[in-house]
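The file coords_24.txt comes next; it holds compact mmCIF, C-alpha atoms (C1' of nucleotides).
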```txt
# COMPACT_ATOMS: atom_id res chain seq x y z
CA MET A 86 -44.00 -13.89 -71.89
CA ARG A 87 -45.71 -13.13 -68.67
CA ILE A 88 -44.67 -10.87 -65.94
CA ASP A 89 -45.89 -11.71 -62.54
CA TYR A 90 -46.22 -8.83 -60.17
CA HIS A 91 -46.72 -9.97 -56.69
CA PHE A 92 -46.24 -6.74 -54.93
CA SER A 93 -47.07 -7.32 -51.34
CA MET A 94 -50.63 -6.67 -50.51
CA GLN A 95 -49.64 -8.21 -47.23
CA ARG A 96 -49.19 -4.92 -45.46
CA THR A 97 -52.77 -3.82 -45.55
CA ASN A 98 -53.15 -3.67 -41.77
CA GLN A 99 -56.83 -3.09 -41.76
CA GLN A 100 -57.08 -2.88 -37.98
CA GLN A 101 -55.01 0.21 -37.53
CA ARG A 102 -56.26 2.11 -40.47
CA ALA A 103 -58.67 4.73 -39.31
CA ASN A 104 -56.48 7.75 -39.59
CA GLN A 105 -52.88 7.35 -38.78
CA GLN A 106 -52.49 10.98 -37.90
CA GLN A 107 -55.11 10.58 -35.21
CA THR A 108 -53.09 7.75 -33.80
CA VAL A 109 -50.02 9.89 -33.78
CA LEU A 110 -51.68 12.83 -32.10
CA ARG A 111 -53.33 10.63 -29.52
CA ALA A 112 -50.00 9.12 -28.58
CA LEU A 113 -48.50 12.55 -28.19
CA GLY A 114 -51.40 13.59 -26.01
CA GLU A 115 -50.82 10.67 -23.70
CA ALA A 116 -47.13 11.36 -23.23
CA ASP A 117 -45.83 12.76 -19.98
CA GLY A 118 -43.82 15.40 -21.75
CA PRO A 119 -42.95 16.82 -25.15
CA LEU A 120 -41.65 14.38 -27.74
CA SER A 121 -39.59 14.71 -30.86
CA ALA A 122 -40.84 13.26 -34.10
CA ARG A 123 -38.52 10.34 -33.72
CA GLU A 124 -39.32 9.71 -30.08
CA LEU A 125 -42.99 9.69 -30.90
CA TRP A 126 -42.43 7.36 -33.81
CA SER A 127 -40.38 4.99 -31.67
CA ARG A 128 -43.11 4.85 -29.07
CA LEU A 129 -45.70 4.07 -31.69
CA ILE A 130 -43.63 1.35 -33.28
CA GLY A 131 -42.73 0.00 -29.87
CA SER A 132 -46.36 -0.30 -28.95
CA GLY A 133 -47.17 -2.25 -32.06
CA LYS A 134 -48.65 0.58 -34.09
CA SER A 135 -47.27 0.60 -37.59
CA VAL A 136 -46.89 4.14 -38.87
CA GLY A 137 -44.37 5.73 -41.17
CA LEU A 138 -42.04 8.36 -39.87
CA ALA A 139 -43.20 10.68 -42.61
CA THR A 140 -46.72 10.40 -41.29
CA VAL A 141 -45.55 11.40 -37.85
CA TYR A 142 -43.92 14.48 -39.32
CA ARG A 143 -47.08 15.24 -41.26
CA ALA A 144 -49.25 14.95 -38.19
CA LEU A 145 -46.97 17.18 -36.16
CA GLN A 146 -46.66 19.77 -38.86
CA ARG A 147 -50.37 19.88 -39.30
CA GLY A 148 -51.03 20.02 -35.60
CA VAL A 149 -48.86 23.09 -35.38
CA GLU A 150 -50.55 24.69 -38.37
CA GLU A 151 -53.96 24.05 -36.92
CA GLY A 152 -52.89 25.37 -33.56
CA THR A 153 -53.43 22.26 -31.48
CA LEU A 154 -49.73 21.56 -31.06
CA GLU A 155 -46.80 23.62 -30.06
CA SER A 156 -43.16 23.05 -30.88
CA VAL A 157 -40.78 23.22 -27.98
CA GLU A 158 -37.18 24.11 -28.55
CA GLY A 159 -34.63 24.52 -25.85
CA LEU A 160 -34.63 20.95 -24.57
CA GLY A 161 -31.23 19.72 -25.57
CA ARG A 162 -31.01 19.71 -29.31
CA GLY A 163 -33.85 18.93 -31.62
CA VAL A 164 -37.44 20.10 -31.55
CA ARG A 165 -40.16 18.46 -29.52
CA TYR A 166 -43.89 18.85 -29.64
CA GLU A 167 -46.66 18.99 -27.10
CA PRO A 168 -50.38 19.68 -27.09
CA LYS A 169 -51.06 23.36 -26.82
CA ASP A 170 -53.87 23.01 -24.34
CA ARG A 171 -51.61 22.22 -21.41
CA GLU A 172 -51.31 24.78 -18.70
CA HIS A 173 -48.19 26.84 -18.34
CA HIS A 174 -45.45 24.51 -17.24
CA HIS A 175 -41.79 23.71 -17.59
CA HIS A 176 -39.68 20.65 -18.14
CA PHE A 177 -37.19 18.34 -16.55
CA LEU A 178 -34.64 16.90 -18.93
CA CYS A 179 -33.03 13.67 -17.83
CA SER A 180 -29.43 13.64 -18.88
CA THR A 181 -29.38 9.86 -18.84
CA CYS A 182 -32.39 8.85 -20.87
CA ASP A 183 -32.82 12.23 -22.55
CA HIS A 184 -36.52 12.23 -21.86
CA ALA A 185 -38.29 15.48 -21.12
CA PHE A 186 -40.90 15.45 -18.38
CA ASP A 187 -43.58 18.00 -17.75
CA LEU A 188 -43.34 19.81 -14.45
CA PHE A 189 -45.98 21.69 -12.54
CA GLY A 190 -45.60 25.17 -11.23
CA CYS A 191 -43.43 28.09 -12.14
CA VAL A 192 -40.86 30.39 -10.60
CA GLU A 193 -40.60 33.87 -9.19
CA GLY A 194 -38.42 36.80 -10.02
CA LEU A 195 -38.12 36.60 -13.76
CA ASP A 196 -38.98 40.22 -14.42
CA SER A 197 -36.02 41.46 -12.50
CA LEU A 198 -33.70 39.71 -14.91
CA VAL A 199 -34.85 41.57 -18.00
CA PRO A 200 -32.34 44.21 -19.11
CA ASP A 201 -33.44 47.76 -19.78
CA GLY A 202 -34.99 48.17 -23.17
CA PHE A 203 -35.68 44.48 -23.63
CA GLN A 204 -39.23 43.20 -23.97
CA MET A 205 -39.91 39.80 -22.48
CA THR A 206 -42.71 37.86 -24.10
CA GLY A 207 -42.09 34.46 -22.59
CA HIS A 208 -39.72 32.28 -20.72
CA GLU A 209 -38.53 28.74 -20.39
CA VAL A 210 -37.18 26.91 -17.41
CA VAL A 211 -35.46 23.59 -17.80
CA LEU A 212 -34.30 21.53 -14.88
CA LEU A 213 -31.49 19.15 -15.61
CA GLY A 214 -30.61 15.96 -13.81
CA THR A 215 -31.67 12.37 -13.46
CA CYS A 216 -35.20 11.11 -13.55
CA ASP A 217 -36.62 8.67 -11.07
CA ALA A 218 -36.20 5.62 -13.27
CA CYS A 219 -32.62 6.39 -14.30
CA GLY A 220 -31.65 7.29 -10.76
CA ASN A 221 -32.84 3.94 -9.48
CA ALA A 222 -31.31 2.02 -12.34
CA ALA A 223 -27.90 3.36 -11.34
CA MET B 15 18.34 35.10 -67.83
CA ARG B 16 16.30 35.89 -64.84
CA ILE B 17 13.18 34.21 -63.61
CA ASP B 18 10.92 36.27 -61.55
CA TYR B 19 8.75 34.37 -59.13
CA HIS B 20 6.00 36.45 -57.92
CA PHE B 21 3.95 33.82 -56.33
CA SER B 22 1.54 35.62 -54.20
CA MET B 23 3.03 36.40 -50.91
CA GLN B 24 0.07 38.66 -50.75
CA ARG B 25 -1.98 36.56 -48.46
CA THR B 26 0.55 36.29 -45.77
CA ASN B 27 -1.44 38.52 -43.50
CA GLN B 28 1.28 38.92 -41.02
CA GLN B 29 -0.87 41.08 -38.77
CA GLN B 30 -3.41 38.43 -38.00
CA ARG B 31 -1.10 35.51 -37.90
CA ALA B 32 -0.18 34.89 -34.37
CA ASN B 33 -2.51 32.08 -33.61
CA GLN B 34 -5.87 32.02 -35.22
CA GLN B 35 -7.38 30.06 -32.40
CA GLN B 36 -6.40 32.77 -29.99
CA THR B 37 -8.19 35.23 -32.19
CA VAL B 38 -11.26 33.04 -32.15
CA LEU B 39 -11.28 32.57 -28.41
CA ARG B 40 -10.66 36.23 -27.76
CA ALA B 41 -13.62 37.16 -29.91
CA LEU B 42 -15.79 34.72 -28.02
CA GLY B 43 -14.60 36.17 -24.75
CA GLU B 44 -15.59 39.65 -25.84
CA ALA B 45 -19.10 38.68 -26.85
CA ASP B 46 -22.07 39.66 -24.75
CA GLY B 47 -23.47 36.18 -24.81
CA PRO B 48 -22.86 32.65 -26.06
CA LEU B 49 -22.21 32.23 -29.77
CA SER B 50 -22.52 29.37 -32.18
CA ALA B 51 -19.58 28.41 -34.34
CA ARG B 52 -21.12 30.15 -37.28
CA GLU B 53 -22.08 33.29 -35.40
CA LEU B 54 -18.57 33.56 -34.11
CA TRP B 55 -17.15 33.02 -37.57
CA SER B 56 -19.43 35.67 -39.04
CA ARG B 57 -18.34 38.18 -36.46
CA LEU B 58 -14.70 37.50 -37.16
CA ILE B 59 -15.12 37.78 -40.90
CA GLY B 60 -17.28 40.84 -40.45
CA SER B 61 -14.59 42.52 -38.43
CA GLY B 62 -11.97 41.88 -41.05
CA LYS B 63 -10.31 38.89 -39.46
CA SER B 64 -9.80 36.15 -41.98
CA VAL B 65 -10.24 32.74 -40.39
CA GLY B 66 -11.60 29.50 -41.69
CA LEU B 67 -14.78 28.07 -40.29
CA ALA B 68 -12.94 24.85 -39.58
CA THR B 69 -10.54 26.72 -37.37
CA VAL B 70 -13.41 28.16 -35.42
CA TYR B 71 -14.75 24.68 -34.81
CA ARG B 72 -11.30 23.50 -33.81
CA ALA B 73 -10.84 26.32 -31.36
CA LEU B 74 -14.23 25.71 -29.78
CA GLN B 75 -13.74 21.99 -29.54
CA ARG B 76 -10.40 22.43 -27.96
CA GLY B 77 -11.64 25.06 -25.57
CA VAL B 78 -14.23 22.62 -24.33
CA GLU B 79 -11.69 19.82 -24.01
CA GLU B 80 -9.34 22.02 -22.08
CA GLY B 81 -12.15 23.21 -19.86
CA THR B 82 -12.04 26.90 -20.65
CA LEU B 83 -15.23 26.83 -22.68
CA GLU B 84 -18.65 25.46 -22.10
CA SER B 85 -21.22 24.46 -24.66
CA VAL B 86 -24.68 25.82 -24.12
CA GLU B 87 -27.65 24.01 -25.52
CA GLY B 88 -31.20 25.02 -24.98
CA LEU B 89 -31.09 28.33 -26.79
CA GLY B 90 -33.26 27.72 -29.78
CA ARG B 91 -31.63 25.11 -31.93
CA GLY B 92 -27.91 24.68 -32.37
CA VAL B 93 -25.16 24.73 -29.82
CA ARG B 94 -23.47 27.87 -28.57
CA TYR B 95 -20.32 28.35 -26.59
CA GLU B 96 -19.22 30.64 -23.83
CA PRO B 97 -16.21 31.04 -21.55
CA LYS B 98 -16.53 28.85 -18.52
CA ASP B 99 -15.26 31.43 -16.09
CA ARG B 100 -18.43 33.47 -16.14
CA GLU B 101 -20.54 33.52 -13.03
CA HIS B 102 -23.78 31.64 -12.91
CA HIS B 103 -26.16 33.38 -15.25
CA HIS B 104 -28.93 32.88 -17.73
CA HIS B 105 -29.82 34.14 -21.18
CA PHE B 106 -32.21 36.26 -23.11
CA LEU B 107 -32.94 35.03 -26.60
CA CYS B 108 -34.15 37.66 -29.03
CA SER B 109 -36.72 36.16 -31.33
CA THR B 110 -35.97 38.76 -33.98
CA CYS B 111 -32.22 38.69 -34.33
CA ASP B 112 -31.76 35.30 -32.68
CA HIS B 113 -28.94 36.59 -30.56
CA ALA B 114 -28.48 35.29 -27.05
CA PHE B 115 -27.57 37.78 -24.36
CA ASP B 116 -26.13 37.08 -20.96
CA LEU B 117 -28.29 38.07 -18.04
CA PHE B 118 -27.35 38.70 -14.44
CA GLY B 119 -29.06 37.12 -11.51
CA CYS B 120 -31.07 34.01 -10.99
CA VAL B 121 -34.48 32.93 -9.79
CA GLU B 122 -36.13 31.49 -6.72
CA GLY B 123 -38.21 28.44 -6.15
CA LEU B 124 -36.66 25.92 -8.46
CA ASP B 125 -36.40 23.14 -5.91
CA SER B 126 -40.11 23.00 -5.42
CA LEU B 127 -40.56 22.02 -9.05
CA VAL B 128 -38.53 18.84 -8.85
CA PRO B 129 -40.72 15.73 -8.80
CA ASP B 130 -40.23 13.06 -6.17
CA GLY B 131 -37.40 10.74 -6.97
CA PHE B 132 -35.77 13.09 -9.45
CA GLN B 133 -32.32 14.50 -8.84
CA MET B 134 -31.69 18.00 -10.08
CA THR B 135 -28.11 18.81 -10.97
CA GLY B 136 -28.62 22.05 -12.80
CA HIS B 137 -31.07 24.36 -14.44
CA GLU B 138 -31.47 26.77 -17.30
CA VAL B 139 -33.64 29.80 -17.61
CA VAL B 140 -34.21 31.43 -20.95
CA LEU B 141 -36.15 34.62 -21.38
CA LEU B 142 -37.69 35.13 -24.76
CA GLY B 143 -38.64 38.35 -26.43
CA THR B 144 -37.13 41.29 -28.23
CA CYS B 145 -33.81 42.85 -27.48
CA ASP B 146 -33.27 46.57 -27.19
CA ALA B 147 -31.93 47.04 -30.70
CA CYS B 148 -34.64 45.00 -32.39
CA GLY B 149 -37.34 46.63 -30.32
CA ASN B 150 -36.22 50.06 -31.41
CA ALA B 151 -35.75 49.07 -35.01
CA ALA B 152 -39.42 48.12 -35.15
C1' DG C 392 18.87 27.34 -41.33
C1' DG C 393 16.51 22.93 -41.08
C1' DA C 394 13.46 19.05 -39.66
C1' DG C 395 9.46 17.61 -37.79
C1' DA C 396 5.21 18.96 -35.26
C1' DA C 397 1.29 21.68 -35.20
C1' DA C 398 -1.91 24.96 -37.27
C1' DT C 399 -4.59 26.62 -41.09
C1' DG C 400 -8.12 27.06 -44.79
C1' DA C 401 -10.67 25.07 -48.44
C1' DT C 402 -13.50 21.71 -49.39
C1' DA C 403 -15.22 16.97 -49.29
C1' DA C 404 -17.39 13.58 -46.36
C1' DT C 405 -20.55 12.43 -42.78
C1' DC C 406 -24.57 12.45 -40.15
C1' DA C 407 -29.11 13.40 -38.39
C1' DA C 408 -33.26 15.74 -39.10
C1' DT C 409 -36.69 16.89 -42.19
C1' DT C 410 -39.00 17.14 -46.52
C1' DC C 411 -40.21 15.31 -51.00
C1' DT C 412 -41.81 11.86 -54.30
C1' DC C 413 -44.62 8.52 -55.91
C1' DA C 414 -47.28 4.30 -56.20
C1' DC C 415 -50.97 2.66 -53.89
C1' DA C 416 -54.80 2.75 -50.30
C1' DT C 417 -58.69 4.89 -48.19
C1' DT C 418 -62.38 7.97 -47.88
C1' DA C 419 -65.58 11.09 -49.55
C1' DT C 420 -68.81 12.58 -53.17
C1' DT C 421 -71.94 11.66 -56.54
C1' DA D 2 -69.97 1.53 -58.60
C1' DA D 3 -67.15 5.67 -60.58
C1' DT D 4 -64.43 9.38 -59.68
C1' DA D 5 -62.03 12.56 -57.21
C1' DA D 6 -59.56 14.03 -53.11
C1' DT D 7 -56.82 12.87 -49.46
C1' DG D 8 -53.90 9.85 -46.61
C1' DT D 9 -50.06 6.62 -46.24
C1' DG D 10 -45.45 4.23 -46.25
C1' DA D 11 -40.96 3.54 -48.10
C1' DG D 12 -37.24 5.36 -49.51
C1' DA D 13 -34.81 9.12 -52.05
C1' DA D 14 -33.47 13.89 -51.81
C1' DT D 15 -32.38 17.92 -49.30
C1' DT D 16 -30.57 20.59 -45.77
C1' DG D 17 -27.60 22.30 -42.15
C1' DA D 18 -24.22 21.36 -38.79
C1' DT D 19 -20.08 19.21 -37.79
C1' DT D 20 -15.98 16.54 -38.81
C1' DA D 21 -12.34 14.67 -41.71
C1' DT D 22 -8.90 15.24 -45.24
C1' DC D 23 -5.09 17.20 -47.40
C1' DA D 24 -1.90 20.41 -49.30
C1' DT D 25 0.33 24.41 -47.37
C1' DT D 26 2.10 27.29 -44.12
C1' DT D 27 3.79 28.45 -39.56
C1' DC D 28 6.06 27.16 -35.25
C1' DT D 29 9.35 25.11 -32.23
C1' DC D 30 13.45 23.51 -31.01
C1' DC D 31 17.76 22.24 -32.15
```
Could you take the file, read its structure, and then write that structure out as structure tokens?
Amino acid sequence: MRIDYHFSMQRTNQQQRANQQQTVLRALGEADGPLSARELWSRLIGSGKSVGLATVYRALQRGVEEGTLESVEGLGRGVRYEPKDREHHHHFLCSTCDHAFDLFGCVEGLDSLVPDGFQMTGHEVVLLGTCDACGNAA
Amino acid sequence: MRIDYHFSMQRTNQQQRANQQQTVLRALGEADGPLSARELWSRLIGSGKSVGLATVYRALQRGVEEGTLESVEGLGRGVRYEPKDREHHHHFLCSTCDHAFDLFGCVEGLDSLVPDGFQMTGHEVVLLGTCDACGNAA
DNA sequence: GGAGAAATGATAATCAATTCTCACATTATT
DNA sequence: AATAATGTGAGAATTGATTATCATTTCTCC
């Protein structure tokens, strides 16, 4: 009796096989705002890059550990990630497409909001509304 | 012959039996900031009120449906709830105890952050840091 | 007081996000 | 090449939040 294993060697994908995590981090770096693991994965798949979701998580986790990435909470649910080398900025969250866009600039008058005895170490500003694309699509 | 039924009438709790949802909503109304379902439940239990977690969820859900409550995302993970009749305000999120506190006042210069073509319908400001209690406990 | 509607609490089911596992692939080291 | 160390993808397992279910218990209105 003979057992024939033809596991697929088909998926060897030699083109896109340098270091998948590099691919992941590069894609995040090119984004116009912070992305969740799944958003990032979708973009990669959508652009023809074949990576596993687990690899995306690994790349993000490692990026945070190594200090090149930063996790961003406070944008709807879920956690998003962005490169840590960006200048101080805030985000615009489109309620239609749920994408988060980087903004430039900051605001005044935050200190006056801090209650007595509280120590402020940071702040987040999120603008809500409709992005250009979604506004025009309406 | 006489049969004595002493089924437990013990847990009749007539004190706290008006309407559990009222109890839940009242507790939320007395809080100094938005609470998650679980936070609210913990407070109730902690203060001797016996309510089921499911009831807390039901009360919150209904409050939102009826328009008396508002869900607040953007404070760390999870969703919190607050009465809708509060004036426009923002929050301070303590990174130690993870409690969210209401703040008074707002900020200037938000409009200038909105990119061309985007429509802003709202905004959130979250201050991060250490609350009074946690700061002193250190 | 009684009947049906609504509320309640315990717990199971669901769901999405994240992590884990493992067989295999790739790279690095001799 | 040989071996070891690390990376990878697929899917299973885990986790936490929320919702659904169901047997009781209360409420409401007659």
Practice task
Would you mind reading off the distance between atom CA of A:Ser132 and atom C1' of C:DT418, one decimal, in Å?
Solution key: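 That distance, rounded to one decimal, is 26.1 Å.
Atom pair atom CA of A:Cys216 / atom C1' of D:DT19: separated by 29.7 Å.
Atom C1' of D:DG17 is found 19.5 Å from atom CA of A:Ala139.
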Problem - Exercise: stretch 154-168 of chain A partners within 8 Å, all atoms listed in the file, chain neighbours under 6 positions left out, as a list in words - result: Leu113, Gly114, Gly118, Pro119, Leu120, Ser121, Ala122, Leu145, Gly148, Leu178, Ala185, Glu209 and Val211 of chain A; Glu87, Gly88, Leu89, Gly90, Arg91, Gly92 and Val93 of chain B
Using all atoms listed in the file, what table do you get, as a Markdown table, when you list each residue of chain C with an atom no more than 12 Å from chain A, its nearest pair of atoms, and their distance in Å rounded to one decimal, rows by chain then rising number?
```
| residue | atom | partner | partner_atom | distance |
| --- | --- | --- | --- | --- |
| C:DA407 | C1' | A:Gly163 | CA | 9.9 |
| C:DA408 | C1' | A:Gly163 | CA | 8.2 |
| C:DT409 | C1' | A:Tyr142 | CA | 8.1 |
| C:DT410 | C1' | A:Ala139 | CA | 8.6 |
| C:DC411 | C1' | A:Ala139 | CA | 10.0 |
| C:DT412 | C1' | A:Ala139 | CA | 11.8 |
| C:DA414 | C1' | A:Phe92 | CA | 11.2 |
| C:DC415 | C1' | A:Met94 | CA | 9.9 |
| C:DA416 | C1' | A:Thr97 | CA | 8.4 |
| C:DT417 | C1' | A:Arg102 | CA | 8.6 |
| C:DT418 | C1' | A:Ala103 | CA | 9.9 |
```
Practice task
Find the residues in chain D near chain A: any atom within 9 Å counts, using only C-alpha atoms (C1' of nucleotides). Write them as a list in words.
Solution key: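 Residues of chain D within 9 Å of chain A, counting only C-alpha atoms (C1' of nucleotides): DG8, DT9, DG10 and DA11 of chain D.
Using all atoms listed in the file, the protein and nucleic acid residues lying no more than 12 Å from B:Pro129, apart from those fewer than 4 places from it along its own chain, are His175, His176, Phe177, Leu178, Phe186, Asp187, Leu188, Phe189, Gly190, Leu212, Leu213, Gly214, Thr215, Cys216, Asp217 and Ala218 of chain A; Leu124, Asp125, Gln133 and Met134 of chain B.
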Over every C-alpha pair, in sequence order, do a least-squares fit of chain A onto chain B and save the fitted chain as a compact mmCIF listing (two decimals) with C-alpha atoms, keeping the file's coordinate frame.
```txt
# COMPACT_ATOMS: atom_id res chain seq x y z
CA MET A 86 10.61 25.94 -70.35
CA ARG A 87 10.05 27.84 -67.20
CA ILE A 88 7.22 27.68 -64.83
CA ASP A 89 6.51 30.75 -62.88
CA TYR A 90 4.84 30.23 -59.57
CA HIS A 91 3.57 33.40 -58.16
CA PHE A 92 1.51 32.04 -55.39
CA SER A 93 0.33 34.95 -53.38
CA MET A 94 2.59 35.85 -50.59
CA GLN A 95 0.32 38.83 -50.35
CA ARG A 96 -1.73 37.44 -47.52
CA THR A 97 0.96 37.44 -44.92
CA ASN A 98 -0.85 39.82 -42.58
CA GLN A 99 1.98 40.29 -40.20
CA GLN A 100 0.05 42.60 -37.90
CA GLN A 101 -2.53 40.13 -36.78
CA ARG A 102 -0.31 37.16 -36.46
CA ALA A 103 0.42 36.56 -32.84
CA ASN A 104 -1.84 33.64 -32.23
CA GLN A 105 -5.10 33.59 -34.01
CA GLN A 106 -6.69 31.40 -31.40
CA GLN A 107 -5.98 34.03 -28.79
CA THR A 108 -7.77 36.52 -30.95
CA VAL A 109 -10.72 34.23 -31.23
CA LEU A 110 -10.94 33.54 -27.53
CA ARG A 111 -10.56 37.19 -26.66
CA ALA A 112 -13.43 38.10 -28.94
CA LEU A 113 -15.60 35.48 -27.33
CA GLY A 114 -14.69 36.80 -23.91
CA GLU A 115 -15.80 40.27 -24.86
CA ALA A 116 -19.18 39.18 -26.17
CA ASP A 117 -22.33 39.91 -24.22
CA GLY A 118 -23.54 36.37 -24.56
CA PRO A 119 -22.67 32.96 -25.95
CA LEU A 120 -21.76 32.78 -29.62
CA SER A 121 -21.77 30.06 -32.20
CA ALA A 122 -18.66 29.36 -34.21
CA ARG A 123 -20.11 31.19 -37.14
CA GLU A 124 -21.34 34.16 -35.16
CA LEU A 125 -17.92 34.53 -33.62
CA TRP A 126 -16.26 34.25 -36.99
CA SER A 127 -18.58 36.86 -38.48
CA ARG A 128 -17.79 39.27 -35.69
CA LEU A 129 -14.09 38.79 -36.20
CA ILE A 130 -14.29 39.28 -39.93
CA GLY A 131 -16.60 42.22 -39.46
CA SER A 132 -14.12 43.90 -37.19
CA GLY A 133 -11.33 43.54 -39.68
CA LYS A 134 -9.63 40.53 -38.14
CA SER A 135 -8.82 37.95 -40.76
CA VAL A 136 -9.18 34.45 -39.37
CA GLY A 137 -10.29 31.22 -40.95
CA LEU A 138 -13.45 29.56 -39.82
CA ALA A 139 -11.51 26.39 -39.17
CA THR A 140 -9.34 28.28 -36.73
CA VAL A 141 -12.40 29.46 -34.87
CA TYR A 142 -13.57 25.88 -34.56
CA ARG A 143 -10.12 24.84 -33.40
CA ALA A 144 -10.00 27.53 -30.76
CA LEU A 145 -13.44 26.64 -29.46
CA GLN A 146 -12.76 22.95 -29.41
CA ARG A 147 -9.55 23.48 -27.57
CA GLY A 148 -11.09 25.89 -25.13
CA VAL A 149 -13.63 23.26 -24.20
CA GLU A 150 -10.96 20.59 -23.87
CA GLU A 151 -8.88 22.80 -21.65
CA GLY A 152 -11.88 23.71 -19.57
CA THR A 153 -11.92 27.45 -20.16
CA LEU A 154 -14.98 27.34 -22.39
CA GLU A 155 -18.34 25.77 -22.12
CA SER A 156 -20.69 24.79 -24.90
CA VAL A 157 -24.25 25.95 -24.52
CA GLU A 158 -27.02 24.07 -26.20
CA GLY A 159 -30.66 24.88 -25.87
CA LEU A 160 -30.59 28.31 -27.48
CA GLY A 161 -32.51 27.76 -30.66
CA ARG A 162 -30.62 25.33 -32.80
CA GLY A 163 -26.89 25.11 -33.00
CA VAL A 164 -24.29 25.16 -30.26
CA ARG A 165 -22.86 28.30 -28.75
CA TYR A 166 -19.88 28.83 -26.54
CA GLU A 167 -19.08 31.01 -23.58
CA PRO A 168 -16.24 31.40 -21.12
CA LYS A 169 -16.64 29.04 -18.23
CA ASP A 170 -15.67 31.55 -15.60
CA ARG A 171 -18.93 33.45 -15.75
CA GLU A 172 -21.22 33.23 -12.81
CA HIS A 173 -24.38 31.21 -12.98
CA HIS A 174 -26.69 32.96 -15.37
CA HIS A 175 -29.27 32.45 -18.06
CA HIS A 176 -30.00 33.83 -21.48
CA PHE A 177 -32.39 35.94 -23.46
CA LEU A 178 -32.82 34.87 -27.05
CA CYS A 179 -34.02 37.56 -29.42
CA SER A 180 -36.33 36.05 -31.95
CA THR A 181 -35.58 38.83 -34.40
CA CYS A 182 -31.81 39.00 -34.51
CA ASP A 183 -31.27 35.55 -33.00
CA HIS A 184 -28.67 36.88 -30.62
CA ALA A 185 -28.36 35.39 -27.17
CA PHE A 186 -27.76 37.78 -24.30
CA ASP A 187 -26.50 36.96 -20.86
CA LEU A 188 -28.91 37.68 -18.05
CA PHE A 189 -28.25 38.15 -14.37
CA GLY A 190 -30.03 36.34 -11.63
CA CYS A 191 -31.91 33.10 -11.41
CA VAL A 192 -35.32 31.78 -10.49
CA GLU A 193 -37.07 30.07 -7.63
CA GLY A 194 -39.00 26.87 -7.37
CA LEU A 195 -37.13 24.56 -9.68
CA ASP A 196 -36.86 21.70 -7.23
CA SER A 197 -40.57 21.30 -7.00
CA LEU A 198 -40.73 20.49 -10.69
CA VAL A 199 -38.51 17.44 -10.53
CA PRO A 200 -40.49 14.20 -10.78
CA ASP A 201 -40.00 11.43 -8.26
CA GLY A 202 -36.97 9.34 -8.98
CA PHE A 203 -35.36 11.92 -11.23
CA GLN A 204 -32.04 13.49 -10.31
CA MET A 205 -31.57 17.09 -11.34
CA THR A 206 -28.01 18.15 -11.94
CA GLY A 207 -28.60 21.46 -13.66
CA HIS A 208 -31.07 23.68 -15.34
CA GLU A 209 -31.44 26.20 -18.09
CA VAL A 210 -33.78 29.11 -18.40
CA VAL A 211 -34.23 30.89 -21.69
CA LEU A 212 -36.33 33.98 -22.07
CA LEU A 213 -37.67 34.59 -25.52
CA GLY A 214 -38.68 37.86 -27.09
CA THR A 215 -37.24 40.97 -28.64
CA CYS A 216 -34.08 42.68 -27.59
CA ASP A 217 -33.77 46.38 -27.06
CA ALA A 218 -32.24 47.12 -30.44
CA CYS A 219 -34.72 45.04 -32.44
CA GLY A 220 -37.65 46.40 -30.48
CA ASN A 221 -36.67 49.96 -31.30
CA ALA A 222 -35.91 49.18 -34.91
CA ALA A 223 -39.50 48.02 -35.36
```
Practice task
With a distance cut-off of 9 Å and all atoms listed in the file, select the neighbouring residues of D:DA21, excluding the residue or stretch itself and same-chain residues fewer than 3 positions from it, and output the selection as a list of chain:residue names.
Solution key: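 The residues that qualify are C:DA403, C:DA404, C:DT405.
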Please, what is the axis-aligned box for every listed atom of stretch 5-10 of chain D with 5 Å on each side, as centre and edge lengths in Å to one decimal, as JSON?
```
{"center_x": -53.7, "center_y": 9.1, "center_z": -51.7, "size_x": 26.6, "size_y": 19.8, "size_z": 21.0}
```
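Shell of D:DC31 at 12 Å, with only C-alpha atoms (C1' of nucleotides) counted and residues fewer than 5 places along the chain excluded, is DG392, DG393, DA394 and DG395 of chain C.
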Exercise for the section: Would you mind telling me which residue in A:His184, A:Ala223, A:Cys179, A:Thr108 lies nearest to chain B when using all atoms listed in the file? Expected result: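 With all atoms listed in the file as the atom set, the closest residue is A:Cys179.
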